[in-house]
file entry_17.cif (mmCIF, C-alpha atoms)
data_structure
loop_
_atom_site.label_atom_id
_atom_site.label_comp_id
_atom_site.auth_asym_id
_atom_site.auth_seq_id
_atom_site.Cartn_x
_atom_site.Cartn_y
_atom_site.Cartn_z
CA MET A 1 -2.43 75.04 -5.23
CA THR A 2 -1.38 73.10 -8.32
CA THR A 3 -3.09 69.99 -9.55
CA SER A 4 -0.13 67.84 -8.50
CA THR A 5 -0.43 68.88 -4.84
CA LEU A 6 -4.19 68.54 -4.41
CA PRO A 7 -5.12 66.13 -1.64
CA CYS A 8 -5.90 62.63 -2.83
CA LEU A 9 -9.19 60.97 -1.85
CA ALA A 10 -9.02 57.56 -0.19
CA LEU A 11 -11.58 55.04 1.06
CA ALA A 12 -10.26 52.63 3.69
CA GLY A 13 -11.76 50.10 6.04
CA PRO A 14 -11.46 46.59 7.42
CA THR A 15 -12.22 43.56 5.30
CA ALA A 16 -15.93 43.07 4.50
CA SER A 17 -16.80 46.68 5.41
CA GLY A 18 -18.19 47.49 1.95
CA LYS A 19 -15.28 49.40 0.39
CA THR A 20 -15.72 48.07 -3.15
CA ALA A 21 -19.46 48.78 -3.26
CA ALA A 22 -18.92 52.27 -1.85
CA ALA A 23 -16.17 53.04 -4.35
CA LEU A 24 -18.29 51.92 -7.31
CA ALA A 25 -21.25 53.93 -6.00
CA LEU A 26 -18.99 56.97 -5.69
CA ALA A 27 -17.86 56.58 -9.30
CA THR A 28 -21.48 56.54 -10.44
CA HIS A 29 -22.32 59.52 -8.21
CA LEU A 30 -19.45 61.61 -9.58
CA ALA A 31 -19.82 60.52 -13.21
CA PRO A 32 -21.74 63.62 -14.37
CA GLN A 33 -18.96 65.86 -13.04
CA ARG A 34 -15.74 63.87 -13.01
CA ARG A 35 -14.41 60.56 -14.26
CA MET A 36 -12.89 58.41 -11.53
CA GLU A 37 -10.19 55.73 -11.50
CA ILE A 38 -9.53 53.38 -8.57
CA ILE A 39 -6.07 52.58 -7.22
CA SER A 40 -6.24 49.39 -5.19
CA VAL A 41 -4.56 49.57 -1.77
CA ASP A 42 -4.57 45.83 -1.10
CA SER A 43 -1.56 43.57 -0.68
CA ALA A 44 -3.53 40.48 -1.76
CA LEU A 45 -5.26 41.85 -4.87
CA VAL A 46 -1.88 42.35 -6.56
CA TYR A 47 -1.61 38.59 -7.15
CA ARG A 48 -2.82 36.85 -10.30
CA GLY A 49 -4.78 33.64 -9.85
CA MET A 50 -5.89 34.59 -6.35
CA ASP A 51 -9.41 35.78 -7.05
CA ILE A 52 -11.91 34.03 -4.81
CA GLY A 53 -10.01 34.15 -1.53
CA THR A 54 -9.16 37.83 -1.94
CA ALA A 55 -12.74 38.85 -2.84
CA LYS A 56 -11.29 40.43 -5.96
CA PRO A 57 -13.75 42.70 -7.80
CA SER A 58 -15.63 40.84 -10.53
CA ALA A 59 -14.97 41.33 -14.23
CA ALA A 60 -18.11 43.47 -14.43
CA GLU A 61 -16.96 45.65 -11.52
CA LEU A 62 -13.48 46.02 -12.98
CA ALA A 63 -15.04 47.07 -16.30
CA GLN A 64 -17.32 49.60 -14.63
CA VAL A 65 -14.44 51.79 -13.42
CA PRO A 66 -10.73 51.63 -14.38
CA HIS A 67 -8.80 49.80 -11.64
CA HIS A 68 -5.05 49.79 -11.01
CA LEU A 69 -2.57 47.62 -9.03
CA ILE A 70 -4.70 44.49 -9.38
CA ASP A 71 -3.20 41.31 -10.93
CA ILE A 72 0.26 42.86 -11.27
CA ARG A 73 2.32 40.11 -9.61
CA ASP A 74 2.66 36.34 -9.83
CA PRO A 75 2.13 34.69 -6.42
CA LEU A 76 5.81 33.71 -6.45
CA GLN A 77 6.83 37.38 -6.38
CA ALA A 78 6.83 39.77 -3.44
CA TYR A 79 5.40 43.29 -3.57
CA SER A 80 6.62 45.70 -0.92
CA ALA A 81 5.11 48.81 0.63
CA ALA A 82 7.92 50.81 -0.98
CA GLU A 83 7.00 49.47 -4.42
CA PHE A 84 3.36 50.28 -3.77
CA ALA A 85 4.14 53.85 -2.67
CA HIS A 86 6.19 54.42 -5.83
CA ASP A 87 3.62 52.84 -8.16
CA ALA A 88 0.63 54.56 -6.55
CA SER A 89 2.28 57.99 -6.59
CA GLU A 90 3.03 57.63 -10.29
CA LEU A 91 -0.53 56.47 -10.97
CA VAL A 92 -2.00 59.46 -9.11
CA GLN A 93 -0.07 61.82 -11.37
CA ALA A 94 -0.96 59.90 -14.54
CA ILE A 95 -4.67 59.74 -13.67
CA ARG A 96 -4.75 63.46 -12.92
CA ALA A 97 -2.98 64.14 -16.21
CA ARG A 98 -5.84 62.36 -17.95
CA GLY A 99 -8.30 64.69 -16.24
CA ALA A 100 -9.71 61.93 -14.06
CA LEU A 101 -9.96 61.65 -10.28
CA PRO A 102 -7.72 59.07 -8.55
CA VAL A 103 -9.32 57.37 -5.54
CA LEU A 104 -7.33 55.00 -3.34
CA VAL A 105 -9.44 52.08 -2.09
CA GLY A 106 -8.39 49.27 0.21
CA GLY A 107 -7.50 47.92 3.61
CA THR A 108 -3.71 47.43 3.63
CA MET A 109 -2.92 50.10 6.19
CA LEU A 110 0.86 49.80 5.83
CA TYR A 111 0.41 50.89 2.21
CA PHE A 112 -1.58 53.92 3.32
CA LYS A 113 1.12 54.75 5.87
CA ALA A 114 3.81 54.50 3.21
CA LEU A 115 1.88 56.93 1.01
CA MET A 116 0.97 59.42 3.71
CA ASP A 117 4.11 59.41 5.85
CA GLY A 118 6.85 58.15 3.57
CA LEU A 119 8.94 55.14 4.54
CA ASP A 120 11.43 54.67 7.33
CA PRO A 121 15.03 54.50 6.07
CA MET A 122 15.55 50.83 6.93
CA PRO A 123 18.48 48.87 5.48
CA PRO A 124 17.77 46.72 2.40
CA ALA A 125 17.61 42.94 2.50
CA ASN A 126 20.92 41.20 3.19
CA PRO A 127 21.01 37.68 1.66
CA GLU A 128 23.91 36.50 3.85
CA VAL A 129 22.28 37.54 7.10
CA ARG A 130 18.94 36.06 6.00
CA ALA A 131 20.60 32.75 5.16
CA ALA A 132 22.28 32.69 8.56
CA LEU A 133 18.98 33.35 10.32
CA GLU A 134 17.25 30.60 8.34
CA ALA A 135 20.00 28.18 9.34
CA GLU A 136 19.59 29.16 12.99
CA ALA A 137 15.82 28.73 12.74
CA ALA A 138 16.23 25.27 11.21
CA GLU A 139 18.37 24.26 14.19
CA ARG A 140 16.65 26.08 17.06
CA GLY A 141 13.16 26.93 15.79
CA TRP A 142 11.51 30.30 15.18
CA PRO A 143 10.18 30.61 18.77
CA ALA A 144 13.81 30.61 19.95
CA LEU A 145 14.66 33.39 17.50
CA HIS A 146 11.55 35.23 18.67
CA ALA A 147 13.00 35.04 22.18
CA ASP A 148 16.27 36.48 20.84
CA LEU A 149 14.31 39.31 19.29
CA ALA A 150 12.47 39.96 22.57
CA ARG A 151 15.82 40.58 24.25
CA VAL A 152 17.03 43.18 21.73
CA ASP A 153 13.74 44.65 20.47
CA PRO A 154 10.91 43.88 22.92
CA ALA A 155 8.53 46.36 21.26
CA THR A 156 8.66 44.50 17.94
CA ALA A 157 8.67 41.04 19.51
CA GLN A 158 5.52 41.86 21.49
CA ARG A 159 3.47 42.38 18.32
CA LEU A 160 4.78 39.26 16.52
CA ALA A 161 3.68 35.67 17.00
CA PRO A 162 6.52 33.27 17.99
CA ASN A 163 6.17 31.44 14.65
CA ASP A 164 5.89 34.53 12.41
CA ALA A 165 9.04 33.51 10.55
CA GLN A 166 8.97 36.22 7.88
CA ARG A 167 8.67 39.16 10.28
CA ILE A 168 10.98 37.75 12.98
CA GLN A 169 13.62 37.20 10.33
CA ARG A 170 13.29 40.74 9.00
CA ALA A 171 13.44 42.30 12.48
CA LEU A 172 16.58 40.36 13.43
CA GLU A 173 18.10 41.07 10.02
CA VAL A 174 17.61 44.82 10.50
CA TYR A 175 19.20 44.63 13.95
CA ARG A 176 22.21 42.61 12.82
CA VAL A 177 22.85 44.76 9.75
CA SER A 178 22.37 48.19 11.32
CA GLY A 179 22.77 47.70 15.06
CA GLN A 180 19.39 49.40 15.48
CA THR A 181 16.03 47.87 16.28
CA LEU A 182 13.14 47.70 13.84
CA SER A 183 10.98 49.62 16.31
CA SER A 184 13.51 52.46 16.41
CA PHE A 185 13.24 52.85 12.64
CA HIS A 186 9.45 52.95 12.88
CA ALA A 187 9.69 55.60 15.60
CA VAL A 188 11.82 57.99 13.53
CA GLN A 189 10.10 61.34 13.14
CA ARG A 190 11.26 62.44 9.74
CA GLY A 191 9.41 65.73 9.52
CA ASP A 192 9.65 65.35 5.76
CA THR A 193 5.97 65.75 5.00
CA GLU A 194 6.63 66.42 1.34
CA ARG A 195 7.68 62.80 0.91
CA GLY A 196 4.19 61.64 1.64
CA LEU A 197 1.08 62.12 -0.44
CA PRO A 198 -1.55 64.39 1.16
CA ILE A 199 -4.64 62.21 1.52
CA GLU A 200 -8.21 62.91 2.56
CA LEU A 201 -9.08 59.55 4.12
CA ILE A 202 -12.65 58.32 4.57
CA ALA A 203 -12.68 55.40 7.01
CA LEU A 204 -15.46 52.80 7.09
CA GLU A 205 -15.68 51.70 10.73
CA PRO A 206 -18.47 49.58 12.23
CA GLN A 207 -20.11 50.72 15.44
CA ASP A 208 -21.13 47.13 16.20
CA ARG A 209 -18.29 44.62 15.84
CA LYS A 210 -20.84 41.79 15.58
CA TRP A 211 -22.13 43.34 12.34
CA LEU A 212 -18.68 43.03 10.81
CA HIS A 213 -18.27 39.50 12.16
CA ARG A 214 -21.50 38.43 10.44
CA ARG A 215 -20.29 39.97 7.18
CA ILE A 216 -16.97 38.15 7.47
CA GLU A 217 -18.76 34.83 8.04
CA GLN A 218 -21.07 35.40 5.07
CA ARG A 219 -18.14 36.32 2.83
CA PHE A 220 -16.06 33.30 3.83
CA ASP A 221 -19.01 30.97 3.29
CA ALA A 222 -19.56 32.51 -0.14
CA MET A 223 -15.87 31.99 -1.00
CA LEU A 224 -16.12 28.31 -0.06
CA GLN A 225 -19.23 27.92 -2.22
CA GLN A 226 -17.50 29.66 -5.14
CA GLY A 227 -14.63 27.17 -5.15
CA PHE A 228 -11.99 28.66 -2.87
CA ILE A 229 -10.55 25.23 -2.01
CA ASP A 230 -10.17 24.41 -5.71
CA GLU A 231 -8.41 27.75 -6.22
CA VAL A 232 -5.84 26.92 -3.54
CA CYS A 233 -5.45 23.40 -4.98
CA ARG A 234 -4.57 24.93 -8.36
CA LEU A 235 -1.97 27.18 -6.72
CA ARG A 236 -0.45 24.20 -4.86
CA ALA A 237 -0.40 22.14 -8.05
CA ARG A 238 2.00 24.62 -9.65
CA GLY A 239 4.76 23.12 -7.54
CA ASP A 240 6.78 26.33 -7.13
CA LEU A 241 4.78 27.97 -4.34
CA HIS A 242 5.24 27.38 -0.61
CA PRO A 243 3.46 28.53 2.56
CA ASP A 244 6.16 31.03 3.59
CA LEU A 245 5.60 33.26 0.54
CA PRO A 246 3.79 36.55 1.26
CA SER A 247 1.06 35.54 -1.19
CA MET A 248 0.37 32.24 0.54
CA ARG A 249 0.43 33.91 3.96
CA CYS A 250 -2.66 35.93 3.01
CA VAL A 251 -5.63 35.33 5.29
CA GLY A 252 -7.63 32.32 4.15
CA TYR A 253 -4.92 30.99 1.85
CA ARG A 254 -2.65 30.16 4.76
CA GLN A 255 -5.42 28.25 6.56
CA ALA A 256 -6.45 26.43 3.37
CA TRP A 257 -2.85 25.46 2.59
CA GLU A 258 -2.40 24.04 6.10
CA ALA A 259 -5.62 22.05 5.80
CA LEU A 260 -4.73 20.68 2.37
CA SER A 261 -1.27 19.73 3.67
CA GLY A 262 -2.89 17.72 6.47
CA HIS A 263 -1.43 19.94 9.19
CA GLU A 264 -4.89 21.03 10.31
CA PRO A 265 -8.27 19.25 9.98
CA MET A 266 -10.18 20.23 6.84
CA SER A 267 -13.32 20.24 8.99
CA GLU A 268 -11.90 23.20 10.92
CA LEU A 269 -10.99 25.28 7.87
CA ARG A 270 -14.12 27.42 7.96
CA ASP A 271 -13.78 28.32 11.62
CA ARG A 272 -10.04 28.93 11.37
CA GLY A 273 -10.44 31.06 8.25
CA ILE A 274 -13.18 33.17 9.83
CA PHE A 275 -11.16 33.60 13.02
CA ALA A 276 -8.07 34.72 11.07
CA THR A 277 -10.17 37.16 9.05
CA ARG A 278 -11.64 38.62 12.25
CA GLN A 279 -8.12 39.09 13.61
CA LEU A 280 -7.12 40.86 10.38
CA ALA A 281 -10.12 43.18 10.68
CA LYS A 282 -9.19 43.94 14.29
CA ARG A 283 -5.67 44.94 13.21
CA GLN A 284 -7.03 47.05 10.37
CA LEU A 285 -9.34 48.93 12.74
CA THR A 286 -6.49 49.51 15.18
CA TRP A 287 -4.45 51.06 12.36
CA LEU A 288 -7.37 53.22 11.25
CA ARG A 289 -8.09 54.51 14.72
CA SER A 290 -4.47 55.60 15.06
CA MET A 291 -5.01 58.02 12.14
CA PRO A 292 -6.49 61.19 13.68
CA GLN A 293 -6.86 62.87 10.29
CA ARG A 294 -9.39 60.32 9.03
CA HIS A 295 -13.07 61.09 8.39
CA SER A 296 -15.00 58.23 9.99
CA VAL A 297 -18.30 56.83 8.69
CA ALA A 298 -20.19 54.06 10.51
CA CYS A 299 -20.37 51.42 7.78
CA ASP A 300 -23.12 49.55 9.65
CA ALA A 301 -25.43 52.58 9.74
CA PRO A 302 -28.55 52.38 7.50
CA ASP A 303 -27.47 55.53 5.66
CA ALA A 304 -23.76 54.67 5.46
CA LEU A 305 -23.55 54.90 1.67
CA PRO A 306 -25.27 58.32 1.38
CA GLN A 307 -22.94 59.54 4.15
CA VAL A 308 -19.87 58.38 2.22
CA LEU A 309 -21.07 60.01 -1.01
CA ALA A 310 -21.90 63.32 0.68
CA LEU A 311 -18.62 63.41 2.60
CA ALA A 312 -16.55 62.55 -0.47
CA GLU A 313 -18.26 65.26 -2.53
CA ALA A 314 -17.75 67.84 0.23
CA LEU A 315 -14.04 66.98 0.56
CA LEU A 316 -13.54 67.14 -3.19
CA ARG A 317 -15.26 70.52 -3.42
CA GLN A 318 -13.16 71.91 -0.57
CA SER A 319 -9.97 70.86 -2.34
CA GLY A 320 -11.07 72.26 -5.69
CA GLN A 321 -11.39 68.92 -7.44
CA LEU A 322 -15.09 69.48 -8.18
CA GLY A 323 -16.68 72.61 -9.50
#
call {"tool": "encode", "arguments": {"input": "entry_17.cif", "output": "structure tokens"}}
result
Amino acid sequence: MTTSTLPCLALAGPTASGKTAAALALATHLAPQRRMEIISVDSALVYRGMDIGTAKPSAAELAQVPHHLIDIRDPLQAYSAAEFAHDASELVQAIRARGALPVLVGGTMLYFKALMDGLDPMPPANPEVRAALEAEAAERGWPALHADLARVDPATAQRLAPNDAQRIQRALEVYRVSGQTLSSFHAVQRGDTERGLPIELIALEPQDRKWLHRRIEQRFDAMLQQGFIDEVCRLRARGDLHPDLPSMRCVGYRQAWEALSGHEPMSELRDRGIFATRQLAKRQLTWLRSMPQRHSVACDAPDALPQVLALAEALLRQSGQLG
């Protein structure tokens, strides 16, 4: 087996499960044998100026171990799973060429899927169709377009909220451009395993959901104390951002934007932000549990960190990445 085809180590888990701390501990643990570099697998950490609400690693943490794919986009710009898969694959090769160990760390499961399975051959964006859909939505409302989607692609419509404009638009766009449903593209069995990156995935999964809920509450409270509202105010003050951008749809930012716009009571921001974060964690765990190849560690166990370190070392030795 050549260096380029060695399995890649990854550490995934829901928000607030302790991924950053575990990754930094792993870097320290491996330091005598192998240098490590972290590739962030997080669709929110790519954005500059969004530090508090994304729980971005601190300057000290970023200096402790080289990090990649953090602060690479302005919040006005999108960053797709396809772009991530391309960038991460190139980084894996470059890090290996430097003699270091690349470790993927994050909770954006679509990014992991893109790396491991490759991407479905969906049609690219079509500006004319998108404009037509936006005009229809302005006249009829997104719930009506969601109902249209339910008639042609019930599988996709079932997992989308009636006001999820961005995803409803994309699903209808795919159908109108190709004549095929979005769910049919996702169901394609390509059999092209070489397209994906072989990954040894360690999953941090709580045994007690209440443990994770407490961590989410503590983290959101800490964000508020650190000035999260001021951070969102600065982003709004730019004047070129709006709530339909992928960056501003990130958990926490969306709720803060709505509160600052007067659409929701500011007094409810904490509860709404915590609830949205819990829902995100639930989706992340559902994704993880659909990956049979993962190596699960109970992140709420007293010895969770030693378990992660021992498992990571064993996997690396098996694949020949440690002596």
call {"tool": "residues_near_point", "arguments": {"input": "entry_17.cif", "point": "(-14.8, 43.5, 2.8)", "cutoff": "10 Å", "atoms": "only C-alpha atoms", "output": "VMD selection string"}}
result
chain A and resid 13 to 21 54 to 56 106 to 107 212 215 to 216 219 281
call {"tool": "residues_around", "arguments": {"input": "entry_17.cif", "residues": "Phe220 (chain A)", "least_positions_apart": "5", "cutoff": "12 Å", "atoms": "all atoms listed in the file", "output": "ChimeraX atom specification"}}
result
/A:15-16,52-55,213-215,225-229,251-253,256,269-278
call {"tool": "closest_atom_pairs", "arguments": {"input": "entry_17.cif", "of": "region 205-254 of chain A", "to": "region 291-301 of chain A", "cutoff": "8 Å", "atoms": "all atoms listed in the file", "output": "CSV"}}
result
residue,atom,partner,partner_atom,distance
A:Glu205,CA,A:Ala298,CA,5.1
A:Pro206,CA,A:Ala298,CA,5.1
A:Gln207,CA,A:Ala298,CA,6.0
A:Asp208,CA,A:Asp300,CA,7.3
A:Trp211,CA,A:Asp300,CA,6.8
A:Leu212,CA,A:Asp300,CA,8.0
call {"tool": "closest_residue", "arguments": {"input": "entry_17.cif", "among": "A:Thr181, A:Ser40, A:Thr108, A:Ser319", "to": "Asp87 (chain A)", "atoms": "all atoms listed in the file"}}
result
A:Ser40
call {"tool": "resolve_selection", "arguments": {"input": "entry_17.cif", "expression": "the PyMOL selection byres ((chain A and resi 144-155) around 10)", "output": "JSON, numbers by chain"}}
result
{"A": [133, 134, 136, 137, 139, 140, 141, 142, 143, 156, 157, 158, 159, 160, 161, 162, 163, 164, 165, 167, 168, 169, 171, 172, 175, 179, 180, 181, 182, 183, 184]}
call {"tool": "closest_residue", "arguments": {"input": "entry_17.cif", "among": "A:Leu316, A:Leu288, A:Leu30, A:Leu45", "to": "Ser247 (chain A)", "atoms": "only C-alpha atoms"}}
result
A:Leu45
call {"tool": "residues_near_point", "arguments": {"input": "entry_17.cif", "point": "(-11.7, 51.4, -13.0)", "cutoff": "6 Å", "atoms": "only C-alpha atoms", "output": "number ranges by chain"}}
result
A: 37-38, 62, 65-67
call {"tool": "resolve_selection", "arguments": {"input": "entry_17.cif", "expression": "the PyMOL selection byres ((chain A and resi 248) around 10)", "output": "number ranges by chain"}}
result
A: 44, 50, 75-76, 232, 235-236, 241-247, 249-257
call {"tool": "atom_distance", "arguments": {"input": "entry_17.cif", "atom1": "CA of Asp230 (chain A)", "atom2": "CA of Met266 (chain A)"}}
result
13.2 Å
call {"tool": "resolve_selection", "arguments": {"input": "entry_17.cif", "expression": "the PyMOL selection byres ((chain A and resi 103) around 10)", "output": "PyMOL selection string"}}
result
chain A and resi 8-11+23+26-27+36-41+67+92+95+100-102+104-106+199-201
